[in-house]
>>> print(open('entry.pdb').read())   # PDB, C-alpha atoms, pLDDT in the B column
ATOM      1  CA  MET A  85     129.851  70.827 149.974  1.00 50.00           C
ATOM      2  CA  LYS A  86     128.805  67.282 149.461  1.00 55.00           C
ATOM      3  CA  PRO A  87     129.489  65.082 152.487  1.00 61.00           C
ATOM      4  CA  VAL A  88     131.352  62.432 150.469  1.00 63.00           C
ATOM      5  CA  PRO A  89     134.344  63.402 148.331  1.00 66.00           C
ATOM      6  CA  PRO A  90     134.616  62.000 144.804  1.00 69.00           C
ATOM      7  CA  ILE A  91     137.522  59.767 145.850  1.00 72.00           C
ATOM      8  CA  ASP A  92     137.946  58.149 149.250  1.00 74.00           C
ATOM      9  CA  SER A  93     140.990  59.153 151.334  1.00 74.00           C
ATOM     10  CA  HIS A  94     142.080  55.508 151.676  1.00 77.00           C
ATOM     11  CA  GLU A  95     141.951  55.010 147.916  1.00 75.00           C
ATOM     12  CA  PHE A  96     143.841  58.272 147.394  1.00 71.00           C
ATOM     13  CA  ASN A  97     146.596  57.223 149.825  1.00 72.00           C
ATOM     14  CA  ARG A  98     146.822  53.721 148.362  1.00 70.00           C
ATOM     15  CA  LYS A  99     147.131  54.937 144.770  1.00 68.00           C
ATOM     16  CA  PHE A 100     149.055  58.199 145.076  1.00 66.00           C
ATOM     17  CA  ASN A 101     151.108  57.734 148.237  1.00 66.00           C
ATOM     18  CA  ALA A 102     151.993  54.080 147.714  1.00 59.00           C
ATOM     19  CA  CYS A 103     155.608  54.954 146.950  1.00 63.00           C
ATOM     20  CA  TYR A 104     155.884  57.662 149.579  1.00 57.00           C
ATOM     21  CA  GLN A 105     158.212  57.089 152.510  1.00 58.00           C
ATOM     22  CA  PRO A 106     158.341  59.686 155.293  1.00 54.00           C
ATOM     23  CA  ARG A 107     162.081  59.288 155.844  1.00 55.00           C
ATOM     24  CA  PRO A 108     164.386  60.939 153.297  1.00 56.00           C
ATOM     25  CA  HIS A 109     166.029  58.821 150.639  1.00 54.00           C
ATOM     26  CA  LEU A 110     169.745  58.430 151.173  1.00 55.00           C
ATOM     27  CA  HIS A 111     170.362  57.281 147.625  1.00 52.00           C
ATOM     28  CA  TRP A 112     169.445  58.553 144.165  1.00 55.00           C
ATOM     29  CA  TYR A 113     167.749  55.350 143.016  1.00 53.00           C
ATOM     30  CA  ASN A 114     164.058  55.142 143.778  1.00 52.00           C
ATOM     31  CA  ARG A 115     162.357  51.751 143.618  1.00 55.00           C
ATOM     32  CA  CYS A 116     158.914  53.168 142.821  1.00 57.00           C
ATOM     33  CA  ARG A 117     159.329  54.078 139.163  1.00 50.00           C
ATOM     34  CA  SER A 118     155.977  52.834 137.889  1.00 53.00           C
ATOM     35  CA  PRO A 119     152.962  55.147 138.066  1.00 52.00           C
ATOM     36  CA  CYS A 120     150.722  54.314 141.003  1.00 52.00           C
ATOM     37  CA  HIS A 121     147.499  55.648 139.502  1.00 54.00           C
ATOM     38  CA  SER A 122     145.278  55.348 136.478  1.00 63.00           C
ATOM     39  CA  ARG A 123     143.444  57.880 134.320  1.00 69.00           C
ATOM     40  CA  LEU A 124     140.136  56.671 135.719  1.00 71.00           C
ATOM     41  CA  VAL A 125     141.045  57.851 139.219  1.00 68.00           C
ATOM     42  CA  LEU A 126     142.443  61.144 137.912  1.00 69.00           C
ATOM     43  CA  ASN A 127     139.144  61.842 136.175  1.00 73.00           C
ATOM     44  CA  LEU A 128     137.358  61.573 139.538  1.00 71.00           C
ATOM     45  CA  PHE A 129     139.070  64.740 140.753  1.00 70.00           C
ATOM     46  CA  PRO A 130     136.979  67.842 140.202  1.00 67.00           C
ATOM     47  CA  GLN A 131     138.287  70.130 137.508  1.00 69.00           C
ATOM     48  CA  ARG A 132     137.521  73.827 137.231  1.00 68.00           C
ATOM     49  CA  TYR A 133     137.394  75.452 133.850  1.00 70.00           C
ATOM     50  CA  HIS A 134     136.450  78.917 135.068  1.00 70.00           C
ATOM     51  CA  ARG A 135     137.676  81.191 137.818  1.00 69.00           C
ATOM     52  CA  LEU A 136     136.146  81.186 141.293  1.00 69.00           C
ATOM     53  CA  VAL A 137     134.460  84.502 142.047  1.00 72.00           C
ATOM     54  CA  GLU A 138     135.222  85.191 145.689  1.00 71.00           C
ATOM     55  CA  GLN A 139     133.197  88.408 145.956  1.00 79.00           C
ATOM     56  CA  GLY A 140     130.041  86.906 144.501  1.00 76.00           C
ATOM     57  CA  ASP A 141     126.947  85.906 146.473  1.00 79.00           C
ATOM     58  CA  ASN A 142     126.608  82.503 144.783  1.00 78.00           C
ATOM     59  CA  ARG A 143     127.668  79.422 146.711  1.00 73.00           C
ATOM     60  CA  GLU A 144     129.671  76.930 144.703  1.00 70.00           C
ATOM     61  CA  GLU A 145     130.644  73.361 145.423  1.00 67.00           C
ATOM     62  CA  PHE A 146     134.303  72.614 144.914  1.00 63.00           C
ATOM     63  CA  TRP A 147     136.959  70.266 146.193  1.00 62.00           C
ATOM     64  CA  GLY A 148     140.658  70.742 146.382  1.00 64.00           C
ATOM     65  CA  LEU A 149     143.846  69.241 147.683  1.00 63.00           C
ATOM     66  CA  TYR A 150     145.168  70.487 151.001  1.00 61.00           C
ATOM     67  CA  VAL A 151     148.877  71.174 150.597  1.00 64.00           C
ATOM     68  CA  VAL A 152     151.222  71.638 153.530  1.00 69.00           C
ATOM     69  CA  GLU A 153     154.660  73.173 153.079  1.00 73.00           C
ATOM     70  CA  ARG A 154     157.476  71.680 155.081  1.00 78.00           C
ATOM     71  CA  PHE A 155     160.722  73.583 155.132  1.00 80.00           C
ATOM     72  CA  SER A 156     163.918  71.649 155.611  1.00 86.00           C
ATOM     73  CA  PHE A 157     166.745  73.393 157.443  1.00 89.00           C
ATOM     74  CA  PHE A 158     169.318  71.097 155.852  1.00 92.00           C
ATOM     75  CA  ARG A 159     168.111  71.764 152.311  1.00 90.00           C
ATOM     76  CA  VAL A 160     168.173  75.519 152.867  1.00 90.00           C
ATOM     77  CA  LEU A 161     171.655  75.146 154.346  1.00 93.00           C
ATOM     78  CA  ALA A 162     172.742  73.064 151.347  1.00 94.00           C
ATOM     79  CA  TYR A 163     171.454  75.725 148.917  1.00 94.00           C
ATOM     80  CA  ASN A 164     173.295  78.440 150.834  1.00 95.00           C
ATOM     81  CA  ILE A 165     176.501  76.397 150.802  1.00 95.00           C
ATOM     82  CA  CYS A 166     176.112  75.888 147.044  1.00 96.00           C
ATOM     83  CA  CYS A 167     175.811  79.657 146.659  1.00 96.00           C
ATOM     84  CA  MET A 168     178.881  80.193 148.864  1.00 96.00           C
ATOM     85  CA  LEU A 169     181.010  77.479 147.259  1.00 97.00           C
ATOM     86  CA  PRO A 170     182.543  79.591 144.450  1.00 97.00           C
ATOM     87  CA  SER A 171     183.533  82.282 146.952  1.00 97.00           C
ATOM     88  CA  ILE A 172     185.098  79.749 149.292  1.00 96.00           C
ATOM     89  CA  VAL A 173     187.018  78.139 146.424  1.00 96.00           C
ATOM     90  CA  PHE A 174     188.230  81.593 145.361  1.00 96.00           C
ATOM     91  CA  PHE A 175     189.337  82.302 148.944  1.00 96.00           C
ATOM     92  CA  PHE A 176     191.561  79.214 149.122  1.00 95.00           C
ATOM     93  CA  MET A 177     192.800  79.569 145.552  1.00 96.00           C
ATOM     94  CA  TRP A 178     193.812  83.194 146.231  1.00 95.00           C
ATOM     95  CA  LEU A 179     195.697  82.281 149.392  1.00 94.00           C
ATOM     96  CA  PHE A 180     197.394  79.054 148.367  1.00 94.00           C
ATOM     97  CA  ALA A 181     197.322  78.420 144.618  1.00 95.00           C
ATOM     98  CA  TRP A 182     197.864  81.985 143.457  1.00 93.00           C
ATOM     99  CA  LYS A 183     200.532  82.648 146.092  1.00 89.00           C
ATOM    100  CA  HIS A 184     199.096  85.536 148.162  1.00 92.00           C
ATOM    101  CA  PRO A 185     199.641  84.039 151.641  1.00 89.00           C
ATOM    102  CA  GLY A 186     199.133  87.161 153.759  1.00 88.00           C
ATOM    103  CA  ASP A 187     196.364  88.834 151.730  1.00 92.00           C
ATOM    104  CA  LEU A 188     193.269  87.809 153.697  1.00 93.00           C
ATOM    105  CA  GLN A 189     191.423  91.041 153.014  1.00 94.00           C
ATOM    106  CA  ASN A 190     191.326  90.653 149.225  1.00 94.00           C
ATOM    107  CA  ALA A 191     190.650  86.920 149.512  1.00 94.00           C
ATOM    108  CA  SER A 192     187.558  87.456 151.664  1.00 95.00           C
ATOM    109  CA  VAL A 193     185.879  90.118 149.495  1.00 96.00           C
ATOM    110  CA  PRO A 194     183.813  87.599 147.407  1.00 96.00           C
ATOM    111  CA  ILE A 195     182.749  85.755 150.570  1.00 96.00           C
ATOM    112  CA  MET A 196     181.532  88.965 152.187  1.00 97.00           C
ATOM    113  CA  ALA A 197     179.724  90.038 149.005  1.00 97.00           C
ATOM    114  CA  THR A 198     177.981  86.637 148.788  1.00 97.00           C
ATOM    115  CA  ILE A 199     177.001  86.713 152.468  1.00 96.00           C
ATOM    116  CA  THR A 200     175.581  90.209 151.994  1.00 97.00           C
ATOM    117  CA  ALA A 201     173.604  89.166 148.923  1.00 96.00           C
ATOM    118  CA  LEU A 202     172.235  86.065 150.686  1.00 95.00           C
ATOM    119  CA  THR A 203     171.262  88.126 153.733  1.00 94.00           C
ATOM    120  CA  VAL A 204     169.375  90.614 151.570  1.00 94.00           C
ATOM    121  CA  PHE A 205     167.703  87.780 149.641  1.00 93.00           C
ATOM    122  CA  TRP A 206     166.544  85.909 152.766  1.00 90.00           C
ATOM    123  CA  GLY A 207     165.531  89.190 154.407  1.00 88.00           C
ATOM    124  CA  PHE A 208     163.247  90.093 151.518  1.00 86.00           C
ATOM    125  CA  LEU A 209     161.894  86.550 151.318  1.00 84.00           C
ATOM    126  CA  ILE A 210     161.078  86.327 155.029  1.00 81.00           C
ATOM    127  CA  PHE A 211     159.733  89.881 155.186  1.00 78.00           C
ATOM    128  CA  ASP A 212     157.504  89.241 152.157  1.00 72.00           C
ATOM    129  CA  SER A 213     156.198  85.919 153.481  1.00 63.00           C
ATOM    130  CA  GLU A 214     155.199  87.493 156.819  1.00 61.00           C
ATOM    131  CA  LYS A 215     152.698  89.630 154.893  1.00 63.00           C
ATOM    132  CA  TYR A 216     150.839  86.524 153.684  1.00 60.00           C
ATOM    133  CA  ARG A 217     150.758  84.645 157.001  1.00 60.00           C
ATOM    134  CA  LYS A 218     148.333  87.052 158.672  1.00 55.00           C
TER     135      LYS A 218
END
>>> encode(input="entry.pdb", output="structure tokens")
Amino acid sequence: MKPVPPIDSHEFNRKFNACYQPRPHLHWYNRCRSPCHSRLVLNLFPQRYHRLVEQGDNREEFWGLYVVERFSFFRVLAYNICCMLPSIVFFFMWLFAWKHPGDLQNASVPIMATITALTVFWGFLIFDSEKYRK
């Protein structure tokens, strides 16, 4: 690879991460609505128009962006609660609004079905992602 990238890291951070704040936003309104970059800078990024042959003997020069995934426990929890919300609403509606005060077994069937489905989903997702980490 060439020792100098087509765009400097300081210029990249100034133009593309100018509106980035490491702490989460507590409100929906974001003050950085204007684009922080121009087409001239975007054209400096290398663009591939053909596929990289990994098994070939040829050495190719290419640049890329290094992406890091960060999982948020609270976002995953929020998604799970959103999936569970209809079952929880049904549970309380069955017991109180639809006048079945002692029928906990029938009220909890949708909750148990949702928990089972979420467990299977996360089990397959975690099991499948372990294959790619090695």
>>> closest_residue(input="entry.pdb", among="A:Trp182, A:Phe176, A:Tyr133, A:Trp206", to="Asn164 (chain A)", atoms="all atoms listed in the file")
A:Trp206
>>> closest_residue(input="entry.pdb", among="A:Ile172, A:Cys167, A:Glu95, A:Phe157", to="Thr203 (chain A)", atoms="all atoms listed in the file")
A:Cys167
>>> atom_distance(input="entry.pdb", atom1="CA of Ala197 (chain A)", atom2="CA of Ser171 (chain A)")
8.9 Å
>>> atom_distance(input="entry.pdb", atom1="CA of Glu144 (chain A)", atom2="CA of Leu128 (chain A)")
17.9 Å
